[in-house]
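*Asks:* Coordinates in target02.csv, CSV, C-alpha atoms, are listed below.
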chain,number,residue,atom,x,y,z
A,891,MET,CA,50.5,-29.0,-3.8
A,892,PRO,CA,54.0,-30.4,-4.6
A,893,ILE,CA,54.5,-32.5,-7.7
A,894,GLU,CA,55.5,-36.0,-6.8
A,895,LYS,CA,57.2,-38.6,-8.9
A,896,PRO,CA,54.8,-41.5,-9.7
A,897,GLY,CA,55.7,-44.8,-7.9
A,898,ARG,CA,54.3,-47.4,-5.6
A,899,ARG,CA,51.4,-46.4,-3.4
A,900,LYS,CA,50.1,-47.8,-0.2
A,901,ALA,CA,46.8,-49.6,-0.2
A,902,LEU,CA,43.9,-47.2,0.3
A,903,THR,CA,42.5,-49.0,3.4
A,904,PRO,CA,44.9,-50.9,5.6
A,905,ILE,CA,43.7,-54.4,6.5
A,906,GLY,CA,43.8,-53.6,10.2
A,907,LYS,CA,41.4,-50.7,9.8
A,908,LEU,CA,39.0,-53.0,7.9
A,909,ARG,CA,39.1,-55.5,10.7
A,910,SER,CA,38.2,-52.9,13.3
A,911,GLY,CA,35.5,-51.4,11.1
A,912,SER,CA,31.8,-52.1,11.1
A,913,PHE,CA,32.2,-55.2,9.0
A,914,GLY,CA,35.1,-56.7,10.8
A,915,GLY,CA,35.8,-57.8,14.4
A,916,GLY,CA,37.3,-55.8,17.2
A,917,HIS,CA,35.6,-53.1,19.2
A,918,LYS,CA,32.5,-51.5,17.7
A,919,SER,CA,32.2,-47.8,18.0
A,920,GLY,CA,29.2,-46.5,20.1
A,921,PHE,CA,28.5,-43.8,17.4
A,922,VAL,CA,26.5,-44.7,14.3
A,923,ASP,CA,26.5,-42.4,11.3
A,924,LEU,CA,22.9,-42.1,10.1
A,925,ASN,CA,22.6,-41.2,6.5
A,926,LEU,CA,20.4,-38.1,6.6
A,927,THR,CA,20.5,-37.3,2.9
A,928,PRO,CA,17.4,-39.3,1.8
A,929,MET,CA,15.4,-37.9,4.8
A,930,VAL,CA,16.3,-34.3,3.9
A,931,ASP,CA,15.4,-35.0,0.3
A,932,MET,CA,12.0,-36.4,1.3
A,933,PHE,CA,11.4,-33.4,3.6
A,934,THR,CA,12.2,-31.0,0.9
A,935,ILE,CA,9.9,-32.7,-1.6
A,936,LEU,CA,7.1,-32.7,1.0
A,937,VAL,CA,7.6,-29.0,1.7
A,938,VAL,CA,7.5,-28.1,-2.0
A,939,PHE,CA,4.3,-30.2,-2.5
A,940,LEU,CA,2.6,-28.6,0.5
A,941,LEU,CA,3.6,-25.1,-0.5
A,942,ILE,CA,2.2,-25.7,-3.9
A,943,ASN,CA,-1.1,-26.7,-2.4
A,944,PHE,CA,-1.1,-23.9,0.2
A,945,SER,CA,-4.2,-21.8,0.1
A,946,SER,CA,-3.3,-18.2,0.7
A,947,THR,CA,-6.9,-17.0,1.1
A,948,GLY,CA,-7.5,-19.0,4.2
A,949,GLU,CA,-11.2,-19.4,3.4
A,950,ILE,CA,-12.7,-22.8,4.0
A,951,LEU,CA,-16.2,-23.8,2.9
A,952,PHE,CA,-17.7,-26.6,5.0
A,953,MET,CA,-19.5,-29.1,2.8
A,954,ALA,CA,-22.6,-31.0,3.7
A,955,LYS,CA,-22.2,-34.8,3.8
A,956,ASP,CA,-22.7,-36.6,0.4
A,957,MET,CA,-22.7,-33.3,-1.4
A,958,LYS,CA,-20.9,-33.2,-4.7
A,959,LEU,CA,-20.2,-29.7,-6.1
A,960,PRO,CA,-20.2,-29.1,-9.9
A,961,GLU,CA,-16.9,-28.8,-11.6
A,962,ALA,CA,-15.7,-25.6,-13.4
A,963,GLU,CA,-12.6,-24.3,-15.0
A,964,GLN,CA,-13.3,-20.5,-15.0
A,965,VAL,CA,-13.4,-19.8,-11.3
A,966,ASP,CA,-12.8,-17.0,-8.8
A,967,GLU,CA,-11.1,-17.1,-5.4
A,968,MET,CA,-13.0,-18.0,-2.3
A,969,ASN,CA,-14.3,-15.1,-0.3
A,970,ILE,CA,-16.2,-14.4,2.8
A,971,GLY,CA,-20.0,-14.3,2.9
A,972,PRO,CA,-23.1,-16.0,4.4
A,973,VAL,CA,-23.5,-19.5,2.9
A,974,ILE,CA,-26.8,-21.0,1.7
A,975,THR,CA,-26.6,-24.7,1.5
A,976,ILE,CA,-29.2,-26.7,-0.5
A,977,THR,CA,-29.4,-30.3,0.6
A,978,PRO,CA,-32.1,-32.8,-0.6
A,979,GLU,CA,-33.8,-32.3,2.8
A,980,HIS,CA,-33.2,-28.7,3.9
A,981,ILE,CA,-32.2,-25.2,2.9
A,982,LEU,CA,-29.6,-24.0,5.4
A,983,LEU,CA,-28.4,-20.5,6.0
A,984,VAL,CA,-25.1,-20.3,7.8
A,985,GLY,CA,-25.6,-23.9,8.9
A,986,LYS,CA,-29.1,-23.4,10.3
A,987,PRO,CA,-32.1,-24.9,8.5
A,988,VAL,CA,-34.6,-22.3,7.3
A,989,ALA,CA,-36.8,-24.3,5.0
A,990,GLU,CA,-37.5,-27.8,3.8
A,991,THR,CA,-36.5,-28.6,0.2
A,992,ALA,CA,-39.3,-31.0,-0.8
A,993,PRO,CA,-42.2,-28.4,-0.7
A,994,LEU,CA,-40.1,-26.1,-2.9
A,995,LEU,CA,-40.1,-28.7,-5.7
A,996,GLU,CA,-43.8,-28.2,-6.1
A,997,ILE,CA,-45.3,-25.4,-8.1
A,998,GLY,CA,-46.0,-22.4,-5.9
A,999,ASN,CA,-44.7,-19.3,-4.3
A,1000,GLN,CA,-41.3,-18.1,-5.7
A,1001,GLU,CA,-40.2,-16.6,-2.4
A,1002,ILE,CA,-39.1,-18.5,0.7
A,1003,PRO,CA,-40.4,-16.3,3.6
A,1004,VAL,CA,-38.1,-17.4,6.4
A,1005,LEU,CA,-35.0,-17.2,4.2
A,1006,LYS,CA,-36.0,-13.8,3.0
A,1007,GLU,CA,-36.5,-12.5,6.6
A,1008,LYS,CA,-33.1,-13.9,7.7
A,1009,LEU,CA,-31.3,-12.5,4.7
A,1010,GLU,CA,-32.8,-9.1,5.3
A,1011,LYS,CA,-31.6,-9.2,8.9
A,1012,LEU,CA,-28.1,-10.0,7.6
A,1013,VAL,CA,-28.3,-7.0,5.3
A,1014,GLU,CA,-29.2,-4.8,8.3
A,1015,GLN,CA,-26.5,-6.4,10.4
A,1016,HIS,CA,-23.9,-5.8,7.6
A,1017,ASN,CA,-24.9,-2.1,7.3
A,1018,ARG,CA,-24.8,-1.6,11.0
A,1019,LEU,CA,-21.3,-3.2,11.4
A,1020,SER,CA,-20.0,-1.2,8.4
A,1021,ARG,CA,-21.7,1.9,9.9
A,1022,LYS,CA,-23.1,2.6,6.5
A,1023,THR,CA,-26.5,4.2,5.9
A,1024,PRO,CA,-27.7,2.9,2.5
A,1025,LYS,CA,-28.9,5.5,0.1
A,1026,PRO,CA,-32.3,4.8,-1.5
A,1027,GLY,CA,-31.9,2.6,-4.5
A,1028,GLU,CA,-28.2,1.9,-3.8
A,1029,PRO,CA,-27.4,-1.8,-4.4
A,1030,PHE,CA,-26.1,-3.8,-1.4
A,1031,GLU,CA,-22.5,-4.8,-1.8
A,1032,GLY,CA,-22.6,-8.1,0.3
A,1033,LYS,CA,-21.8,-11.4,-1.3
A,1034,LEU,CA,-23.8,-14.5,-0.8
A,1035,ILE,CA,-22.4,-18.0,-1.4
A,1036,ILE,CA,-24.8,-20.7,-2.7
A,1037,GLN,CA,-23.7,-24.3,-2.3
A,1038,ALA,CA,-25.8,-27.1,-4.0
A,1039,ASP,CA,-25.4,-30.6,-5.2
A,1040,VAL,CA,-24.8,-31.3,-8.9
A,1041,LYS,CA,-28.1,-33.1,-9.2
A,1042,GLN,CA,-30.2,-30.4,-7.5
A,1043,ASP,CA,-33.3,-29.5,-9.5
A,1044,PHE,CA,-33.0,-25.9,-10.7
A,1045,ARG,CA,-36.6,-25.2,-9.5
A,1046,VAL,CA,-35.3,-25.0,-5.9
A,1047,LEU,CA,-32.3,-22.9,-6.9
A,1048,LYS,CA,-34.5,-20.5,-8.8
A,1049,LYS,CA,-36.5,-19.9,-5.7
A,1050,VAL,CA,-33.4,-19.4,-3.6
A,1051,ILE,CA,-32.0,-16.9,-6.1
A,1052,TYR,CA,-35.3,-15.1,-6.3
A,1053,THR,CA,-35.5,-14.8,-2.5
A,1054,ALA,CA,-31.9,-13.6,-2.2
A,1055,ASN,CA,-32.6,-10.9,-4.9
A,1056,ALA,CA,-35.8,-9.9,-3.1
A,1057,ALA,CA,-33.9,-9.5,0.2
A,1058,GLY,CA,-31.3,-7.3,-1.5
A,1059,TRP,CA,-28.5,-9.7,-2.3
A,1060,PHE,CA,-27.4,-9.3,-5.9
A,1061,HIS,CA,-23.8,-10.5,-5.7
A,1062,LEU,CA,-24.2,-14.3,-5.8
A,1063,ASN,CA,-21.3,-16.8,-5.7
A,1064,PHE,CA,-21.8,-20.4,-6.7
A,1065,ALA,CA,-19.5,-22.9,-4.9
A,1066,VAL,CA,-17.8,-25.2,-7.4
A,1067,THR,CA,-14.9,-27.6,-7.5
A,1068,GLY,CA,-12.2,-25.9,-9.4
A,1069,ILE,CA,-10.5,-27.9,-12.1
A,1070,GLY,CA,-7.8,-26.8,-14.5
A,1071,GLU,CA,-5.1,-24.1,-14.3
A,1072,ALA,CA,-7.3,-21.3,-13.0
A,1073,ALA,CA,-8.4,-23.3,-10.0
A,1074,GLU,CA,-4.9,-24.5,-9.2
A,1075,GLY,CA,-3.6,-20.9,-9.3
A,1076,GLY,CA,-6.1,-20.1,-6.6
A,1077,GLY,CA,-8.7,-18.7,-9.0
A,1078,GLY,CA,-9.0,-15.1,-10.1
A,1079,GLU,CA,-8.0,-16.0,-13.6
A,1080,ALA,CA,-11.4,-16.4,-15.0
A,1081,ALA,CA,-12.1,-14.9,-18.4
A,1082,HIS,CA,-12.3,-11.2,-18.2
B,1439,MET,CA,24.8,-24.2,13.4
B,1440,GLY,CA,28.0,-24.3,11.4
B,1441,VAL,CA,30.4,-26.4,9.5
B,1442,SER,CA,33.0,-28.5,11.3
B,1443,LEU,CA,36.3,-28.8,9.6
B,1444,PRO,CA,38.1,-31.9,10.9
B,1445,GLY,CA,41.7,-31.1,11.5
B,1446,GLY,CA,41.1,-27.4,11.3
B,1447,GLY,CA,42.1,-24.9,13.9
B,1448,GLY,CA,45.5,-26.4,14.6
B,1449,LYS,CA,48.8,-25.3,13.3
B,1450,GLY,CA,50.4,-27.2,10.5
B,1451,GLY,CA,49.2,-30.6,9.2
B,1452,ARG,CA,46.9,-31.4,6.3
B,1453,LYS,CA,43.3,-30.2,6.5
B,1454,GLY,CA,40.7,-32.9,5.6
B,1455,LEU,CA,38.7,-32.4,2.5
B,1456,ASN,CA,35.5,-33.8,3.9
B,1457,VAL,CA,33.2,-31.2,5.4
B,1458,ASN,CA,30.4,-32.3,7.6
B,1459,VAL,CA,27.5,-29.9,7.3
B,1460,ASN,CA,25.4,-29.8,10.5
B,1461,LEU,CA,22.0,-31.0,9.2
B,1462,VAL,CA,20.2,-30.9,12.5
B,1463,PRO,CA,18.9,-27.3,12.4
B,1464,PHE,CA,17.9,-27.8,8.7
B,1465,ILE,CA,15.9,-30.9,9.6
B,1466,ASP,CA,14.3,-29.0,12.6
B,1467,LEU,CA,13.3,-26.2,10.2
B,1468,LEU,CA,11.8,-28.6,7.7
B,1469,SER,CA,9.9,-30.5,10.3
B,1470,ALA,CA,8.4,-27.3,11.7
B,1471,LEU,CA,7.5,-26.1,8.2
B,1472,ILE,CA,5.9,-29.5,7.3
B,1473,SER,CA,3.9,-29.5,10.5
B,1474,PHE,CA,2.6,-26.0,9.9
B,1475,LEU,CA,1.7,-26.7,6.2
B,1476,ILE,CA,-0.1,-30.0,7.0
B,1477,MET,CA,-2.1,-28.2,9.7
B,1478,THR,CA,-3.1,-25.4,7.4
B,1479,ALA,CA,-3.6,-27.5,4.3
B,1480,VAL,CA,-6.9,-27.3,2.5
B,1481,TRP,CA,-7.4,-30.5,0.5
B,1482,ASN,CA,-10.6,-29.7,-1.4
B,1483,GLN,CA,-10.3,-27.2,-4.2
B,1484,THR,CA,-13.4,-25.2,-3.6
B,1485,ASN,CA,-13.8,-22.1,-5.7
B,1486,LEU,CA,-16.5,-19.8,-6.7
B,1487,ILE,CA,-18.3,-18.5,-9.8
B,1488,GLU,CA,-19.4,-14.9,-9.3
B,1489,VAL,CA,-22.6,-13.6,-10.7
B,1490,GLU,CA,-23.9,-10.1,-10.4
B,1491,GLN,CA,-27.6,-10.7,-10.5
B,1492,GLY,CA,-30.2,-8.0,-11.2
B,1493,VAL,CA,-30.0,-4.7,-12.9
B,1494,ASN,CA,-28.6,-1.6,-11.3
B,1495,PRO,CA,-31.7,0.4,-10.1
B,1496,ASN,CA,-29.9,3.7,-10.8
B,1497,PRO,CA,-28.3,3.3,-14.2
B,1498,PRO,CA,-25.9,6.1,-15.2
B,1499,GLU,CA,-27.7,8.8,-17.1
B,1500,SER,CA,-26.7,9.1,-20.7
B,1501,ASP,CA,-27.7,11.7,-23.3
B,1502,LYS,CA,-27.2,9.2,-26.1
B,1503,PRO,CA,-30.4,7.8,-27.5
B,1504,PRO,CA,-30.4,4.0,-27.6
B,1505,ASP,CA,-29.0,2.6,-30.8
B,1506,PRO,CA,-31.7,0.8,-32.9
B,1507,ASP,CA,-29.1,-1.5,-34.4
B,1508,ASP,CA,-27.8,-2.5,-31.0
B,1509,LYS,CA,-28.4,-6.2,-30.8
B,1510,PRO,CA,-29.8,-7.7,-27.5
B,1511,PRO,CA,-27.5,-10.0,-25.6
B,1512,ILE,CA,-27.4,-13.7,-26.4
B,1513,GLY,CA,-29.9,-15.8,-24.6
B,1514,ILE,CA,-29.3,-19.5,-23.8
B,1515,GLU,CA,-32.2,-21.6,-22.5
B,1516,ILE,CA,-31.3,-25.0,-21.0
B,1517,GLN,CA,-34.3,-27.2,-21.5
B,1518,LYS,CA,-34.9,-30.9,-20.6
B,1519,ASP,CA,-34.8,-31.9,-24.2
B,1520,GLY,CA,-32.0,-29.6,-25.5
B,1521,ILE,CA,-30.6,-26.1,-25.6
B,1522,LEU,CA,-32.0,-23.0,-27.3
B,1523,ILE,CA,-29.7,-20.2,-28.3
B,1524,GLY,CA,-30.4,-16.9,-29.9
B,1525,ARG,CA,-30.6,-13.1,-29.4
B,1526,THR,CA,-34.3,-12.9,-30.1
B,1527,LEU,CA,-37.2,-15.4,-30.0
B,1528,PRO,CA,-37.5,-15.8,-33.8
B,1529,GLU,CA,-33.8,-16.1,-34.2
B,1530,ARG,CA,-33.5,-19.0,-31.7
B,1531,VAL,CA,-31.9,-22.2,-32.7
B,1532,GLN,CA,-32.4,-25.5,-31.0
B,1533,ILE,CA,-29.6,-27.9,-30.2
B,1534,PRO,CA,-31.2,-31.2,-29.6
B,1535,LEU,CA,-29.9,-33.9,-27.3
B,1536,VAL,CA,-27.4,-36.4,-28.7
B,1537,ALA,CA,-27.5,-40.1,-28.0
B,1538,LYS,CA,-24.7,-41.4,-25.7
B,1539,GLY,CA,-21.7,-42.5,-27.6
B,1540,ALA,CA,-22.7,-40.4,-30.7
B,1541,THR,CA,-20.6,-37.5,-32.0
B,1542,SER,CA,-21.5,-33.8,-31.7
B,1543,ALA,CA,-23.4,-32.0,-34.4
B,1544,ALA,CA,-20.7,-29.3,-34.3
B,1545,THR,CA,-18.4,-28.9,-37.4
B,1546,GLY,CA,-15.7,-31.5,-37.3
B,1547,ASN,CA,-17.9,-33.7,-35.1
B,1548,PRO,CA,-15.8,-33.8,-32.0
B,1549,ALA,CA,-16.3,-36.8,-29.8
B,1550,LEU,CA,-18.9,-36.1,-27.1
B,1551,ASP,CA,-17.5,-36.3,-23.6
B,1552,GLU,CA,-19.4,-38.7,-21.4
B,1553,LYS,CA,-19.7,-36.1,-18.6
B,1554,PHE,CA,-22.3,-34.3,-20.8
B,1555,CYS,CA,-24.6,-37.3,-20.3
B,1556,THR,CA,-26.5,-37.5,-17.0
B,1557,GLU,CA,-29.0,-39.9,-15.5
B,1558,ALA,CA,-31.7,-37.3,-15.8
B,1559,LEU,CA,-31.3,-37.3,-19.6
B,1560,GLN,CA,-31.8,-41.1,-19.8
B,1561,GLY,CA,-29.0,-42.1,-22.1
B,1562,GLN,CA,-28.8,-38.8,-23.9
B,1563,CYS,CA,-26.3,-35.9,-23.7
B,1564,TYR,CA,-26.3,-32.1,-24.1
B,1565,ASP,CA,-24.4,-31.1,-27.2
B,1566,TYR,CA,-22.0,-28.6,-25.6
B,1567,PRO,CA,-19.5,-28.6,-28.5
B,1568,LYS,CA,-22.3,-27.4,-30.8
B,1569,LEU,CA,-23.3,-24.8,-28.2
B,1570,GLU,CA,-19.7,-23.5,-28.1
B,1571,GLU,CA,-19.6,-23.3,-31.9
B,1572,LEU,CA,-22.9,-21.3,-32.0
B,1573,ILE,CA,-21.7,-18.9,-29.3
B,1574,VAL,CA,-18.4,-18.3,-31.1
B,1575,GLU,CA,-20.4,-17.6,-34.3
B,1576,LYS,CA,-22.8,-15.2,-32.6
B,1577,ARG,CA,-20.0,-13.4,-30.8
B,1578,LYS,CA,-18.6,-12.3,-34.2
B,1579,GLU,CA,-21.7,-10.0,-34.5
B,1580,LYS,CA,-20.7,-8.2,-31.3
B,1581,PRO,CA,-17.1,-8.9,-30.3
B,1582,ASP,CA,-17.1,-6.6,-27.3
B,1583,GLU,CA,-20.1,-8.1,-25.8
B,1584,GLU,CA,-19.7,-9.0,-22.1
B,1585,MET,CA,-23.2,-10.0,-20.9
B,1586,ILE,CA,-25.0,-13.3,-21.6
B,1587,ILE,CA,-28.4,-14.5,-20.3
B,1588,ILE,CA,-28.7,-18.1,-19.1
B,1589,MET,CA,-32.2,-19.4,-18.5
B,1590,THR,CA,-32.6,-22.8,-16.9
B,1591,ASP,CA,-35.8,-24.7,-17.0
B,1592,ASP,CA,-37.4,-26.4,-14.0
B,1593,GLY,CA,-36.2,-30.0,-13.7
B,1594,VAL,CA,-32.8,-29.4,-15.2
B,1595,TRP,CA,-29.9,-30.3,-13.0
B,1596,TYR,CA,-27.9,-27.4,-11.4
B,1597,GLN,CA,-24.7,-28.7,-12.9
B,1598,GLU,CA,-25.9,-27.9,-16.4
B,1599,MET,CA,-26.3,-24.3,-15.5
B,1600,ILE,CA,-22.8,-24.2,-14.0
B,1601,ARG,CA,-21.4,-26.0,-17.1
B,1602,THR,CA,-23.0,-23.5,-19.4
B,1603,MET,CA,-21.8,-20.6,-17.3
B,1604,ASP,CA,-18.3,-22.0,-17.3
B,1605,LEU,CA,-18.4,-22.3,-21.1
B,1606,THR,CA,-19.6,-18.7,-21.6
B,1607,ARG,CA,-17.0,-17.4,-19.2
B,1608,LYS,CA,-14.3,-19.3,-21.1
B,1609,LEU,CA,-15.6,-17.8,-24.4
B,1610,GLY,CA,-15.2,-14.2,-23.0
B,1611,TYR,CA,-18.5,-13.4,-21.3
B,1612,PRO,CA,-17.6,-12.4,-17.7
B,1613,LYS,CA,-21.1,-11.1,-16.9
B,1614,THR,CA,-24.0,-13.6,-16.6
B,1615,LEU,CA,-27.6,-12.8,-16.0
B,1616,LEU,CA,-29.4,-15.9,-14.6
B,1617,SER,CA,-33.0,-16.5,-15.1
B,1618,GLY,CA,-35.6,-19.2,-14.8
B,1619,THR,CA,-38.8,-20.1,-16.5
B,1620,PRO,CA,-42.1,-18.9,-15.0
B,1621,GLU,CA,-44.2,-21.5,-13.3
Could you render the structure from this file as structure tokens?
*Replies:*
Amino acid sequence: MPIEKPGRRKALTPIGKLRSGSFGGGHKSGFVDLNLTPMVDMFTILVVFLLINFSSTGEILFMAKDMKLPEAEQVDEMNIGPVITITPEHILLVGKPVAETAPLLEIGNQEIPVLKEKLEKLVEQHNRLSRKTPKPGEPFEGKLIIQADVKQDFRVLKKVIYTANAAGWFHLNFAVTGIGEAAEGGGGEAAH
Amino acid sequence: MGVSLPGGGGKGGRKGLNVNVNLVPFIDLLSALISFLIMTAVWNQTNLIEVEQGVNPNPPESDKPPDPDDKPPIGIEIQKDGILIGRTLPERVQIPLVAKGATSAATGNPALDEKFCTEALQGQCYDYPKLEELIVEKRKEKPDEEMIIIMTDDGVWYQEMIRTMDLTRKLGYPKTLLSGTPE
């Protein structure tokens, strides 16, 4: 760029141009420049926020109405498995009622017969699908998810756990609402 | 997609310094990404606490005789009127309930969180800071210990079991054996 001697300069915007501009008179142009910068900023923030909340496991647990799960910090990631839901009215296995909750609050048998039968069928189904013949005494590898309200009496849970164990399910997962860093990171950071 | 340079392409003349970046494809991409992420978003943070219940029916055979000095695992019993902790029955210590608004019995008396007080306890709260202190103390006897037993009484809320399990996992016990009281 050549070096010029300092001197008088023309006004930056000629008066004529100002008059024909968007604030002045004259013909208005049919094209309008839309300022896209704030919109792109907003989109970028939205994408970042959604990516942070993105669940990579893809597992979703459907919750019963009015059910509040207990909160926990040391949690593991969601995984696949049959879900037992304990509501104040019913015990549901994969969304289908298998027993009523109220009779289980009374002192009595530890096992829930219908639940046990269905869980045993699931074990058979699992072994058939995985084409695996279990060896005698070999523990079943399937994982069961138990979902219950915070206020649920442990007496009912005890019977559900006992029945699950009797049917061969030893890997139990309790559904909780994750709080803290481990939960935000998708779990798997529990104390080991 | 590209960058248009006004005044560019011709011979001679000054090139404008303003460069108009074509934002349309960028906005298209962002819109598609936002739509996908909103559709696949999971808003409730549901996680799991894994418990391996039961004892392996075929334990690995070992030639070593059991160590008589080997201490049994810590047992925690959540009762309606407090928490019991100890490795053996005579060793058990009771942590009584604390009135709402009072401080914990733990050293340093940390303020008791209101979430430890539930309707079932009728204005009283479980003293979890004291429980934590006792677990830490007992862990010193067996630092490599991984297993802990949690026994919950009938009538106790499910959340107390989860809270205790969460605490023990935080203190380095990844394995939990759950148990209930006989009827």
*Asks:* Do a neighbour search on stretch 1555-1564 of chain B at 10 Å with all atoms listed in the file, toss out local chain neighbours closer than 6 positions, and write the hits as a VMD selection string.
*Replies:* (chain A and resid 1041) or (chain B and resid 1516 to 1521 1533 to 1540 1542 1593 to 1595 1597 to 1598)
*Asks:* Interatomic distance between atom CA of B:Pro1510 and atom CA of A:Ala1057?
*Replies:*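 About the pair atom CA of B:Pro1510 and atom CA of A:Ala1057: they are 28.1 Å apart.
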*Asks:* Given the point (-35.8, -14.8, -6.7) in the coordinates of this file, which residues lie within 12 Å, counting all atoms listed in the file, and how would they look as number ranges by chain?
*Replies:* A: 999-1003, 1005-1006, 1045-1060, 1062; B: 1491-1492, 1616-1620
*Asks:* Give me, as a JSON list (two decimals) with C-alpha atoms, in the frame of the given file, the contact residues of chain B against chain A at a cut-off of 8 Å, counting only C-alpha atoms.
*Replies:*
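Saved file out-v5.json follows:
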[["chain", "number", "residue", "atom", "x", "y", "z"],
["B", 1461, "LEU", "CA", 22.00, -31.00, 9.20],
["B", 1465, "ILE", "CA", 15.90, -30.90, 9.60],
["B", 1468, "LEU", "CA", 11.80, -28.60, 7.70],
["B", 1469, "SER", "CA", 9.90, -30.50, 10.30],
["B", 1471, "LEU", "CA", 7.50, -26.10, 8.20],
["B", 1472, "ILE", "CA", 5.90, -29.50, 7.30],
["B", 1475, "LEU", "CA", 1.70, -26.70, 6.20],
["B", 1476, "ILE", "CA", -0.10, -30.00, 7.00],
["B", 1478, "THR", "CA", -3.10, -25.40, 7.40],
["B", 1479, "ALA", "CA", -3.60, -27.50, 4.30],
["B", 1480, "VAL", "CA", -6.90, -27.30, 2.50],
["B", 1481, "TRP", "CA", -7.40, -30.50, 0.50],
["B", 1482, "ASN", "CA", -10.60, -29.70, -1.40],
["B", 1483, "GLN", "CA", -10.30, -27.20, -4.20],
["B", 1484, "THR", "CA", -13.40, -25.20, -3.60],
["B", 1485, "ASN", "CA", -13.80, -22.10, -5.70],
["B", 1486, "LEU", "CA", -16.50, -19.80, -6.70],
["B", 1487, "ILE", "CA", -18.30, -18.50, -9.80],
["B", 1488, "GLU", "CA", -19.40, -14.90, -9.30],
["B", 1489, "VAL", "CA", -22.60, -13.60, -10.70],
["B", 1490, "GLU", "CA", -23.90, -10.10, -10.40],
["B", 1491, "GLN", "CA", -27.60, -10.70, -10.50],
["B", 1492, "GLY", "CA", -30.20, -8.00, -11.20],
["B", 1494, "ASN", "CA", -28.60, -1.60, -11.30],
["B", 1495, "PRO", "CA", -31.70, 0.40, -10.10],
["B", 1496, "ASN", "CA", -29.90, 3.70, -10.80],
["B", 1590, "THR", "CA", -32.60, -22.80, -16.90],
["B", 1591, "ASP", "CA", -35.80, -24.70, -17.00],
["B", 1592, "ASP", "CA", -37.40, -26.40, -14.00],
["B", 1593, "GLY", "CA", -36.20, -30.00, -13.70],
["B", 1594, "VAL", "CA", -32.80, -29.40, -15.20],
["B", 1595, "TRP", "CA", -29.90, -30.30, -13.00],
["B", 1596, "TYR", "CA", -27.90, -27.40, -11.40],
["B", 1597, "GLN", "CA", -24.70, -28.70, -12.90],
["B", 1600, "ILE", "CA", -22.80, -24.20, -14.00],
["B", 1601, "ARG", "CA", -21.40, -26.00, -17.10],
["B", 1604, "ASP", "CA", -18.30, -22.00, -17.30],
["B", 1607, "ARG", "CA", -17.00, -17.40, -19.20],
["B", 1608, "LYS", "CA", -14.30, -19.30, -21.10],
["B", 1609, "LEU", "CA", -15.60, -17.80, -24.40],
["B", 1610, "GLY", "CA", -15.20, -14.20, -23.00],
["B", 1611, "TYR", "CA", -18.50, -13.40, -21.30],
["B", 1612, "PRO", "CA", -17.60, -12.40, -17.70],
["B", 1617, "SER", "CA", -33.00, -16.50, -15.10],
["B", 1618, "GLY", "CA", -35.60, -19.20, -14.80],
["B", 1621, "GLU", "CA", -44.20, -21.50, -13.30]]
*Asks:* What does the structure give for the distance between atom CA of A:Glu979 and atom CA of A:Thr991, in Å to one decimal?
*Replies:*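 About the pair atom CA of A:Glu979 and atom CA of A:Thr991: they are 5.3 Å apart.
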*Asks:* Work out how far atom CA of B:Lys1568 is from atom CA of B:Ala1543, in Å to one decimal.
*Replies:*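 Between atom CA of B:Ala1543 and atom CA of B:Lys1568 the gap works out to 5.9 Å.
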*Asks:* Excluding same-chain residues fewer than 4 positions from A:Val1013, what lies within 10 Å of it counting all atoms listed in the file, as a short mmCIF file (atom, residue, chain, number, x, y, z; two decimals) with C-alpha atoms, in the coordinates of the input?
*Replies:*
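The new file result.cif reads:
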data_model
loop_
_atom_site.label_atom_id
_atom_site.label_comp_id
_atom_site.auth_asym_id
_atom_site.auth_seq_id
_atom_site.Cartn_x
_atom_site.Cartn_y
_atom_site.Cartn_z
CA GLU A 1007 -36.50 -12.50 6.60
CA LYS A 1008 -33.10 -13.90 7.70
CA LEU A 1009 -31.30 -12.50 4.70
CA ASN A 1017 -24.90 -2.10 7.30
CA ARG A 1018 -24.80 -1.60 11.00
CA PHE A 1030 -26.10 -3.80 -1.40
CA GLU A 1031 -22.50 -4.80 -1.80
CA GLY A 1032 -22.60 -8.10 0.30
CA ALA A 1057 -33.90 -9.50 0.20
CA GLY A 1058 -31.30 -7.30 -1.50
CA TRP A 1059 -28.50 -9.70 -2.30
#
*Asks:* Using all atoms of stretch 1047-1055 of chain A listed in the file and a margin of 8 Å per side, can you give the axis-aligned box centre and edge lengths in Å to one decimal, as AutoDock Vina command-line options?
*Replies:*
--center_x -34.2 --center_y -16.9 --center_z -5.5 --size_x 20.6 --size_y 28.0 --size_z 22.6
